[in-house]
Structures are given as structure tokens and as C-alpha cells.
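What follows is data22.txt (compact mmCIF, N, CA and C atoms).
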```
# COMPACT_ATOMS: atom_id res chain seq x y z
N GLN E 1 15.95 -18.62 -8.69
CA GLN E 1 15.96 -17.96 -7.39
C GLN E 1 16.81 -16.69 -7.47
N VAL E 2 16.36 -15.66 -6.80
CA VAL E 2 17.09 -14.40 -6.72
C VAL E 2 17.67 -14.27 -5.32
N GLN E 3 18.97 -14.04 -5.22
CA GLN E 3 19.59 -13.78 -3.92
C GLN E 3 19.60 -12.28 -3.65
N LEU E 4 19.24 -11.93 -2.41
CA LEU E 4 19.21 -10.53 -1.97
C LEU E 4 20.10 -10.37 -0.75
N VAL E 5 20.92 -9.34 -0.74
CA VAL E 5 21.82 -9.08 0.38
C VAL E 5 21.62 -7.64 0.85
N GLU E 6 21.16 -7.48 2.11
CA GLU E 6 20.98 -6.15 2.67
C GLU E 6 22.25 -5.70 3.38
N SER E 7 22.39 -4.39 3.47
CA SER E 7 23.47 -3.79 4.25
C SER E 7 23.06 -2.39 4.64
N GLY E 8 23.80 -1.81 5.58
CA GLY E 8 23.57 -0.43 5.97
C GLY E 8 22.94 -0.23 7.33
N GLY E 9 22.50 -1.31 7.96
CA GLY E 9 21.92 -1.16 9.29
C GLY E 9 22.98 -0.75 10.30
N ASP E 10 22.53 -0.02 11.33
CA ASP E 10 23.49 0.50 12.32
C ASP E 10 22.73 1.01 13.53
N LEU E 11 23.48 1.45 14.52
CA LEU E 11 22.93 2.13 15.69
C LEU E 11 23.04 3.64 15.43
N VAL E 12 21.92 4.34 15.57
CA VAL E 12 21.90 5.77 15.29
C VAL E 12 21.03 6.46 16.32
N GLN E 13 21.32 7.73 16.57
CA GLN E 13 20.49 8.48 17.51
C GLN E 13 19.22 8.97 16.83
N ALA E 14 18.20 9.19 17.62
CA ALA E 14 16.94 9.73 17.09
C ALA E 14 17.22 11.03 16.34
N GLY E 15 16.56 11.17 15.19
CA GLY E 15 16.79 12.33 14.34
C GLY E 15 17.85 12.10 13.27
N GLY E 16 18.57 11.02 13.40
CA GLY E 16 19.63 10.71 12.44
C GLY E 16 19.11 10.05 11.18
N SER E 17 20.04 9.69 10.30
CA SER E 17 19.71 9.10 9.01
C SER E 17 20.54 7.86 8.74
N LEU E 18 19.97 6.96 7.97
CA LEU E 18 20.67 5.78 7.47
C LEU E 18 20.19 5.50 6.06
N ARG E 19 21.04 4.85 5.28
CA ARG E 19 20.61 4.36 3.98
C ARG E 19 20.87 2.86 3.91
N LEU E 20 19.80 2.12 3.72
CA LEU E 20 19.90 0.67 3.57
C LEU E 20 20.03 0.33 2.09
N SER E 21 20.79 -0.70 1.80
CA SER E 21 20.96 -1.18 0.45
C SER E 21 20.53 -2.64 0.35
N CYS E 22 20.03 -3.02 -0.81
CA CYS E 22 19.64 -4.40 -1.08
C CYS E 22 20.15 -4.76 -2.46
N ALA E 23 21.20 -5.56 -2.50
CA ALA E 23 21.81 -5.95 -3.77
C ALA E 23 21.20 -7.26 -4.25
N ALA E 24 20.77 -7.27 -5.51
CA ALA E 24 20.13 -8.44 -6.10
C ALA E 24 21.12 -9.19 -7.00
N SER E 25 20.96 -10.51 -7.06
CA SER E 25 21.88 -11.34 -7.86
C SER E 25 21.50 -11.36 -9.34
N LYS E 26 20.32 -10.84 -9.66
CA LYS E 26 19.88 -10.78 -11.06
C LYS E 26 19.46 -9.35 -11.38
N SER E 27 19.31 -9.10 -12.66
CA SER E 27 18.89 -7.77 -13.08
C SER E 27 17.54 -7.43 -12.45
N ILE E 28 17.47 -6.25 -11.82
CA ILE E 28 16.21 -5.87 -11.19
C ILE E 28 15.16 -5.51 -12.23
N LEU E 29 15.58 -5.39 -13.49
CA LEU E 29 14.59 -5.18 -14.55
C LEU E 29 13.71 -6.42 -14.71
N SER E 30 14.20 -7.57 -14.27
CA SER E 30 13.44 -8.81 -14.38
C SER E 30 12.48 -9.01 -13.21
N LEU E 31 12.53 -8.12 -12.23
CA LEU E 31 11.72 -8.28 -11.02
C LEU E 31 10.39 -7.55 -11.18
N PHE E 32 9.32 -8.15 -10.68
CA PHE E 32 8.02 -7.53 -10.78
C PHE E 32 7.88 -6.38 -9.79
N TYR E 33 8.37 -6.58 -8.59
CA TYR E 33 8.41 -5.50 -7.62
C TYR E 33 9.43 -5.84 -6.54
N MET E 34 9.82 -4.82 -5.80
CA MET E 34 10.73 -4.97 -4.67
C MET E 34 10.12 -4.24 -3.48
N ARG E 35 10.40 -4.76 -2.29
CA ARG E 35 9.80 -4.19 -1.09
C ARG E 35 10.79 -4.19 0.06
N TRP E 36 10.57 -3.29 1.00
CA TRP E 36 11.25 -3.30 2.29
C TRP E 36 10.22 -3.63 3.36
N TYR E 37 10.56 -4.58 4.23
CA TYR E 37 9.77 -4.92 5.39
C TYR E 37 10.63 -4.67 6.63
N ARG E 38 9.98 -4.62 7.77
CA ARG E 38 10.72 -4.57 9.03
C ARG E 38 9.97 -5.38 10.08
N GLN E 39 10.74 -5.87 11.05
CA GLN E 39 10.16 -6.64 12.14
C GLN E 39 10.84 -6.24 13.43
N ALA E 40 10.07 -5.60 14.29
CA ALA E 40 10.55 -5.25 15.61
C ALA E 40 10.36 -6.44 16.54
N ALA E 41 11.15 -6.49 17.60
CA ALA E 41 11.09 -7.61 18.55
C ALA E 41 9.66 -7.75 19.09
N GLY E 42 9.11 -8.95 18.99
CA GLY E 42 7.78 -9.22 19.51
C GLY E 42 6.65 -8.80 18.60
N ASN E 43 6.97 -8.24 17.44
CA ASN E 43 5.95 -7.77 16.51
C ASN E 43 5.96 -8.60 15.24
N GLN E 44 4.86 -8.48 14.49
CA GLN E 44 4.82 -9.12 13.19
C GLN E 44 5.62 -8.29 12.17
N ARG E 45 6.04 -8.97 11.13
CA ARG E 45 6.74 -8.27 10.06
C ARG E 45 5.74 -7.35 9.35
N GLU E 46 6.16 -6.11 9.08
CA GLU E 46 5.28 -5.17 8.42
C GLU E 46 5.94 -4.60 7.16
N LEU E 47 5.09 -4.31 6.17
CA LEU E 47 5.56 -3.69 4.95
C LEU E 47 5.87 -2.22 5.23
N VAL E 48 7.04 -1.78 4.82
CA VAL E 48 7.45 -0.39 5.01
C VAL E 48 7.29 0.41 3.73
N ALA E 49 7.79 -0.14 2.63
CA ALA E 49 7.74 0.57 1.35
C ALA E 49 7.88 -0.44 0.22
N ARG E 50 7.35 -0.07 -0.93
CA ARG E 50 7.52 -0.93 -2.10
C ARG E 50 7.74 -0.05 -3.32
N ILE E 51 8.38 -0.63 -4.32
CA ILE E 51 8.59 0.06 -5.59
C ILE E 51 8.29 -0.93 -6.70
N GLU E 52 7.45 -0.50 -7.62
CA GLU E 52 7.00 -1.36 -8.70
C GLU E 52 8.00 -1.31 -9.86
N SER E 53 7.77 -2.16 -10.85
CA SER E 53 8.67 -2.19 -12.01
C SER E 53 8.62 -0.87 -12.78
N ASN E 54 7.49 -0.15 -12.70
CA ASN E 54 7.39 1.13 -13.41
C ASN E 54 7.86 2.30 -12.57
N GLY E 55 8.37 2.00 -11.37
CA GLY E 55 8.89 3.04 -10.50
C GLY E 55 7.90 3.60 -9.50
N ALA E 56 6.64 3.21 -9.58
CA ALA E 56 5.65 3.69 -8.62
C ALA E 56 6.03 3.22 -7.22
N THR E 57 5.77 4.07 -6.24
CA THR E 57 6.16 3.77 -4.86
C THR E 57 4.98 3.83 -3.91
N TYR E 58 5.13 3.15 -2.81
CA TYR E 58 4.13 3.13 -1.73
C TYR E 58 4.87 3.12 -0.41
N TYR E 59 4.29 3.84 0.59
CA TYR E 59 4.88 3.87 1.93
C TYR E 59 3.81 3.66 2.98
N VAL E 60 4.17 2.98 4.04
CA VAL E 60 3.27 2.89 5.19
C VAL E 60 3.18 4.28 5.82
N ASP E 61 2.05 4.62 6.39
CA ASP E 61 1.82 5.98 6.89
C ASP E 61 2.91 6.43 7.87
N SER E 62 3.40 5.53 8.69
CA SER E 62 4.33 5.92 9.76
C SER E 62 5.68 6.40 9.23
N VAL E 63 5.99 6.14 7.96
CA VAL E 63 7.30 6.56 7.43
C VAL E 63 7.18 7.59 6.31
N LYS E 64 5.95 7.91 5.93
CA LYS E 64 5.76 8.89 4.85
C LYS E 64 6.44 10.20 5.19
N GLY E 65 7.15 10.76 4.22
CA GLY E 65 7.85 12.03 4.43
C GLY E 65 9.22 11.88 5.06
N ARG E 66 9.54 10.68 5.55
CA ARG E 66 10.84 10.45 6.18
C ARG E 66 11.69 9.43 5.43
N PHE E 67 11.05 8.43 4.83
CA PHE E 67 11.76 7.38 4.12
C PHE E 67 11.54 7.53 2.62
N THR E 68 12.57 7.14 1.85
CA THR E 68 12.46 7.16 0.40
C THR E 68 13.02 5.86 -0.17
N ILE E 69 12.22 5.16 -0.95
CA ILE E 69 12.65 3.94 -1.60
C ILE E 69 13.06 4.28 -3.02
N SER E 70 14.14 3.65 -3.49
CA SER E 70 14.61 3.90 -4.84
C SER E 70 15.36 2.67 -5.33
N LYS E 71 15.66 2.67 -6.61
CA LYS E 71 16.42 1.55 -7.16
C LYS E 71 17.42 2.06 -8.19
N ASP E 72 18.53 1.37 -8.27
CA ASP E 72 19.61 1.67 -9.21
C ASP E 72 19.71 0.49 -10.16
N ILE E 73 19.17 0.66 -11.36
CA ILE E 73 19.12 -0.46 -12.30
C ILE E 73 20.52 -0.90 -12.71
N ALA E 74 21.41 0.04 -12.90
CA ALA E 74 22.77 -0.30 -13.36
C ALA E 74 23.49 -1.20 -12.36
N ASN E 75 23.19 -1.00 -11.07
CA ASN E 75 23.88 -1.76 -10.02
C ASN E 75 22.99 -2.83 -9.39
N ASN E 76 21.78 -3.02 -9.95
CA ASN E 76 20.86 -4.05 -9.44
C ASN E 76 20.67 -3.93 -7.93
N THR E 77 20.47 -2.71 -7.49
CA THR E 77 20.37 -2.45 -6.05
C THR E 77 19.16 -1.58 -5.74
N MET E 78 18.49 -1.91 -4.64
CA MET E 78 17.39 -1.10 -4.13
C MET E 78 17.86 -0.43 -2.85
N TYR E 79 17.37 0.76 -2.60
CA TYR E 79 17.78 1.52 -1.43
C TYR E 79 16.57 1.94 -0.60
N LEU E 80 16.84 2.19 0.67
CA LEU E 80 15.84 2.82 1.54
C LEU E 80 16.57 3.91 2.31
N GLN E 81 16.33 5.15 1.91
CA GLN E 81 16.89 6.29 2.63
C GLN E 81 15.96 6.63 3.77
N MET E 82 16.48 6.62 4.98
CA MET E 82 15.68 6.83 6.18
C MET E 82 16.20 8.07 6.89
N ASN E 83 15.37 9.08 6.97
CA ASN E 83 15.72 10.34 7.64
C ASN E 83 14.85 10.54 8.87
N ASN E 84 15.31 11.41 9.75
CA ASN E 84 14.56 11.73 10.96
C ASN E 84 14.11 10.45 11.67
N LEU E 85 15.04 9.58 11.90
CA LEU E 85 14.71 8.28 12.50
C LEU E 85 14.21 8.44 13.92
N LYS E 86 13.29 7.55 14.29
CA LYS E 86 12.68 7.55 15.61
C LYS E 86 12.93 6.21 16.29
N PRO E 87 12.89 6.17 17.62
CA PRO E 87 13.08 4.89 18.31
C PRO E 87 12.12 3.81 17.82
N ASP E 88 10.90 4.20 17.42
CA ASP E 88 9.93 3.22 16.92
C ASP E 88 10.36 2.60 15.59
N ASP E 89 11.36 3.15 14.94
CA ASP E 89 11.87 2.57 13.70
C ASP E 89 12.84 1.42 13.95
N THR E 90 13.18 1.19 15.21
CA THR E 90 14.09 0.10 15.56
C THR E 90 13.49 -1.24 15.15
N ALA E 91 14.23 -1.99 14.34
CA ALA E 91 13.74 -3.27 13.83
C ALA E 91 14.83 -3.91 12.97
N VAL E 92 14.58 -5.16 12.62
CA VAL E 92 15.37 -5.79 11.55
C VAL E 92 14.65 -5.49 10.24
N TYR E 93 15.38 -4.94 9.28
CA TYR E 93 14.81 -4.56 7.99
C TYR E 93 15.19 -5.62 6.95
N TYR E 94 14.18 -6.05 6.21
CA TYR E 94 14.35 -7.09 5.20
C TYR E 94 13.95 -6.54 3.82
N CYS E 95 14.69 -6.92 2.81
CA CYS E 95 14.22 -6.64 1.46
C CYS E 95 13.69 -7.93 0.86
N MET E 96 12.73 -7.77 -0.02
CA MET E 96 12.18 -8.91 -0.73
C MET E 96 11.85 -8.50 -2.15
N CYS E 97 11.72 -9.49 -3.01
CA CYS E 97 11.34 -9.21 -4.38
C CYS E 97 10.45 -10.34 -4.88
N ASN E 98 9.72 -10.03 -5.91
CA ASN E 98 8.90 -11.03 -6.59
C ASN E 98 9.33 -11.08 -8.05
N SER E 99 9.51 -12.31 -8.54
CA SER E 99 9.96 -12.49 -9.91
C SER E 99 9.34 -13.76 -10.45
N ALA E 100 9.78 -14.15 -11.62
CA ALA E 100 9.29 -15.40 -12.20
C ALA E 100 9.67 -16.60 -11.34
N TYR E 101 10.64 -16.40 -10.42
CA TYR E 101 11.06 -17.47 -9.53
C TYR E 101 10.22 -17.50 -8.24
N GLY E 102 9.33 -16.53 -8.08
CA GLY E 102 8.55 -16.42 -6.85
C GLY E 102 9.12 -15.34 -5.94
N ASP E 103 8.83 -15.44 -4.64
CA ASP E 103 9.32 -14.47 -3.66
C ASP E 103 10.71 -14.84 -3.18
N SER E 104 11.55 -13.83 -3.01
CA SER E 104 12.88 -14.01 -2.45
C SER E 104 13.08 -13.00 -1.34
N TRP E 105 13.80 -13.40 -0.30
CA TRP E 105 14.04 -12.55 0.88
C TRP E 105 15.52 -12.46 1.18
N GLY E 106 15.93 -11.31 1.69
CA GLY E 106 17.27 -11.16 2.20
C GLY E 106 17.36 -11.64 3.64
N GLN E 107 18.55 -11.56 4.22
CA GLN E 107 18.78 -12.09 5.56
C GLN E 107 18.44 -11.06 6.65
N GLY E 108 18.27 -9.80 6.27
CA GLY E 108 17.91 -8.76 7.23
C GLY E 108 19.12 -7.97 7.70
N THR E 109 18.86 -6.73 8.07
CA THR E 109 19.89 -5.85 8.64
C THR E 109 19.28 -5.08 9.80
N GLN E 110 20.00 -5.02 10.91
CA GLN E 110 19.47 -4.43 12.14
C GLN E 110 19.61 -2.91 12.13
N VAL E 111 18.50 -2.24 12.41
CA VAL E 111 18.51 -0.79 12.61
C VAL E 111 18.07 -0.53 14.05
N THR E 112 18.90 0.18 14.79
CA THR E 112 18.58 0.52 16.17
C THR E 112 18.66 2.03 16.33
N VAL E 113 17.57 2.62 16.81
CA VAL E 113 17.51 4.07 16.99
C VAL E 113 17.40 4.36 18.48
N SER E 114 18.39 5.04 19.01
CA SER E 114 18.40 5.36 20.44
C SER E 114 17.75 6.73 20.67
N SER E 115 17.13 6.85 21.83
CA SER E 115 16.43 8.11 22.15
C SER E 115 17.35 9.08 22.87
```

In C-alpha cells, what does this structure look like?
Amino acid sequence: QVQLVESGGDLVQAGGSLRLSCAASKSILSLFYMRWYRQAAGNQRELVARIESNGATYYVDSVKGRFTISKDIANNTMYLQMNNLKPDDTAVYYCMCNSAYGDSWGQGTQVTVSS
């Protein structure tokens, strides 16, 4: 099992920026892929961005050009840089990974964007 711990969520005004972190308990080189999801109140959890083992990235259309997913192999950490935040970005953000142990999820971090 891989333990994931998110941090960096906060209350921010529209147009502001935040960087979320997801620290993994094992080397991220051993992970097949890592992803960021978010879940707004009353909504289903949605995929926001993913990064593959080869570094390839994917973003949902609503965050393209504003969010950047990256990983730091030395520190076993994945990041989500979020710029030009909008009230619609308000949600609990979760990181997840897939490995030989299966899927693992973090506990979530709250991002609130005020208008």
C-alpha cells in the first residue's frame, strides 16, 4: 500500500494561486501514474489532471492553461500548481496513484475560491 498525504489547500480570492502537494510514502518511480481529482459539494469526483510514469500529462478542459501538474522524484512528491483560480475551482482536491499495490488515495485538501 502507498500512503499519500495532500497539503496546500486554502481560502484564496478569485484570480489567485495555490500549489497543492501530494507526498508519497514510496518512491514515485515505482508508481504507474499519479492523478489529481476534485469533488465539489453535491458533485461527483472528477479527474483534474494526471501525470504518467514517462512524464506525459493530461488536463480536463476547464483547467487547461491554468493548472500544471508535476512531480519531484527526489522528494517523492507530486504537485498541482493552480493559477488564475475561479470560484468554480472550489472543491476538496484528492491525489491518487496506481502501483503494484493497486489504487491509493489521499485524505483530501480543501480549496475555496471566493469571488

Closest of E:Cys22, E:Gly42, E:Ala49, E:Phe32 to Cys97 in chain E - atom-to-atom distances counting only N, CA and C atoms: E:Phe32

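Taking only C-alpha atoms into account, Val60 in chain E lies nearest to E:Trp36 out of the set E:Asp72, E:Asn98, E:Gly16, E:Trp36.
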
Show which residues sit within 6.5 Å of Asn76 in chain E, as a PDB file with N, CA and C atoms, in the coordinates of the input. Count all atoms listed in the file, and ignore same-chain residues fewer than 5 positions away.
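Writing done, so here's around.pdb:
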```pdb
ATOM      1  N   CYS E  22      20.030  -3.020  -0.810  1.00  0.00           N
ATOM      2  CA  CYS E  22      19.640  -4.400  -1.080  1.00  0.00           C
ATOM      3  C   CYS E  22      20.150  -4.760  -2.460  1.00  0.00           C
ATOM      4  N   ALA E  23      21.200  -5.560  -2.500  1.00  0.00           N
ATOM      5  CA  ALA E  23      21.810  -5.950  -3.770  1.00  0.00           C
ATOM      6  C   ALA E  23      21.200  -7.260  -4.250  1.00  0.00           C
ATOM      7  N   ALA E  24      20.770  -7.270  -5.510  1.00  0.00           N
ATOM      8  CA  ALA E  24      20.130  -8.440  -6.100  1.00  0.00           C
ATOM      9  C   ALA E  24      21.120  -9.190  -7.000  1.00  0.00           C
ATOM     10  N   LYS E  26      20.320 -10.840  -9.660  1.00  0.00           N
ATOM     11  CA  LYS E  26      19.880 -10.780 -11.060  1.00  0.00           C
ATOM     12  C   LYS E  26      19.460  -9.350 -11.380  1.00  0.00           C
ATOM     13  N   SER E  27      19.310  -9.100 -12.660  1.00  0.00           N
ATOM     14  CA  SER E  27      18.890  -7.770 -13.080  1.00  0.00           C
ATOM     15  C   SER E  27      17.540  -7.430 -12.450  1.00  0.00           C
ATOM     16  N   ILE E  28      17.470  -6.250 -11.820  1.00  0.00           N
ATOM     17  CA  ILE E  28      16.210  -5.870 -11.190  1.00  0.00           C
ATOM     18  C   ILE E  28      15.160  -5.510 -12.230  1.00  0.00           C
TER      19      ILE E  28
END
```

Rank E:Ser114, E:Ser21, E:Gln44, E:Asn83 by their smallest atom-to-atom distance to Lys64 in chain E, using only C-alpha atoms, and report the top residue only. E:Asn83

Could you please determine the separation between CA of Tyr59 in chain E and CA of Leu4 in chain E in Å, to one decimal place?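 That distance, rounded to one decimal, is 20.7 Å.
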
For each of E:Ala56, E:Met34, E:Leu29, E:Leu18, take the minimum atom-to-atom distance to Gly106 in chain E, counting only C-alpha atoms, then give the residue where this is smallest.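 For Gly106 in chain E, the nearest of the candidates is E:Met34.
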
Run DSSP on the backbone of this structure and report the residues of chain E it assigns to helix (DSSP H, G or I), as a ChimeraX atom specification. /E:28-30,61-63,87-89

Rebuild N, CA, C and O atoms on range 72-93 of chain E, as a short mmCIF file (atom, residue, chain, number, x, y, z; two decimals), in the coordinates of the input?
```
data_model
loop_
_atom_site.label_atom_id
_atom_site.label_comp_id
_atom_site.auth_asym_id
_atom_site.auth_seq_id
_atom_site.Cartn_x
_atom_site.Cartn_y
_atom_site.Cartn_z
N ASP E 72 18.53 1.37 -8.27
CA ASP E 72 19.61 1.67 -9.21
C ASP E 72 19.71 0.49 -10.16
O ASP E 72 20.25 -0.56 -9.79
N ILE E 73 19.17 0.66 -11.36
CA ILE E 73 19.12 -0.46 -12.30
C ILE E 73 20.52 -0.90 -12.71
O ILE E 73 20.80 -2.10 -12.83
N ALA E 74 21.41 0.04 -12.90
CA ALA E 74 22.77 -0.30 -13.36
C ALA E 74 23.49 -1.20 -12.36
O ALA E 74 24.30 -2.04 -12.74
N ASN E 75 23.19 -1.00 -11.07
CA ASN E 75 23.88 -1.76 -10.02
C ASN E 75 22.99 -2.83 -9.39
O ASN E 75 23.40 -3.47 -8.42
N ASN E 76 21.78 -3.02 -9.95
CA ASN E 76 20.86 -4.05 -9.44
C ASN E 76 20.67 -3.93 -7.93
O ASN E 76 20.72 -4.93 -7.19
N THR E 77 20.47 -2.71 -7.49
CA THR E 77 20.37 -2.45 -6.05
C THR E 77 19.16 -1.58 -5.74
O THR E 77 18.84 -0.65 -6.48
N MET E 78 18.49 -1.91 -4.64
CA MET E 78 17.39 -1.10 -4.13
C MET E 78 17.86 -0.43 -2.85
O MET E 78 18.68 -1.00 -2.12
N TYR E 79 17.37 0.76 -2.60
CA TYR E 79 17.78 1.52 -1.43
C TYR E 79 16.57 1.94 -0.60
O TYR E 79 15.45 2.02 -1.10
N LEU E 80 16.84 2.19 0.67
CA LEU E 80 15.84 2.82 1.54
C LEU E 80 16.57 3.91 2.31
O LEU E 80 17.37 3.61 3.21
N GLN E 81 16.33 5.15 1.91
CA GLN E 81 16.89 6.29 2.63
C GLN E 81 15.96 6.63 3.77
O GLN E 81 14.77 6.88 3.56
N MET E 82 16.48 6.62 4.98
CA MET E 82 15.68 6.83 6.18
C MET E 82 16.20 8.07 6.89
O MET E 82 17.35 8.10 7.35
N ASN E 83 15.37 9.08 6.97
CA ASN E 83 15.72 10.34 7.64
C ASN E 83 14.85 10.54 8.87
O ASN E 83 13.78 9.94 9.00
N ASN E 84 15.31 11.41 9.75
CA ASN E 84 14.56 11.73 10.96
C ASN E 84 14.11 10.45 11.67
O ASN E 84 12.92 10.29 12.00
N LEU E 85 15.04 9.58 11.90
CA LEU E 85 14.71 8.28 12.50
C LEU E 85 14.21 8.44 13.92
O LEU E 85 14.64 9.33 14.67
N LYS E 86 13.29 7.55 14.29
CA LYS E 86 12.68 7.55 15.61
C LYS E 86 12.93 6.21 16.29
O LYS E 86 13.14 5.20 15.60
N PRO E 87 12.89 6.17 17.62
CA PRO E 87 13.08 4.89 18.31
C PRO E 87 12.12 3.81 17.82
O PRO E 87 12.49 2.62 17.79
N ASP E 88 10.90 4.20 17.42
CA ASP E 88 9.93 3.22 16.92
C ASP E 88 10.36 2.60 15.59
O ASP E 88 9.75 1.62 15.15
N ASP E 89 11.36 3.15 14.94
CA ASP E 89 11.87 2.57 13.70
C ASP E 89 12.84 1.42 13.95
O ASP E 89 13.27 0.75 13.01
N THR E 90 13.18 1.19 15.21
CA THR E 90 14.09 0.10 15.56
C THR E 90 13.49 -1.24 15.15
O THR E 90 12.36 -1.57 15.54
N ALA E 91 14.23 -1.99 14.34
CA ALA E 91 13.74 -3.27 13.83
C ALA E 91 14.83 -3.91 12.97
O ALA E 91 15.83 -3.27 12.64
N VAL E 92 14.58 -5.16 12.62
CA VAL E 92 15.37 -5.79 11.55
C VAL E 92 14.65 -5.49 10.24
O VAL E 92 13.44 -5.71 10.12
N TYR E 93 15.38 -4.94 9.28
CA TYR E 93 14.81 -4.56 7.99
C TYR E 93 15.19 -5.62 6.95
O TYR E 93 16.36 -6.00 6.84
#
```
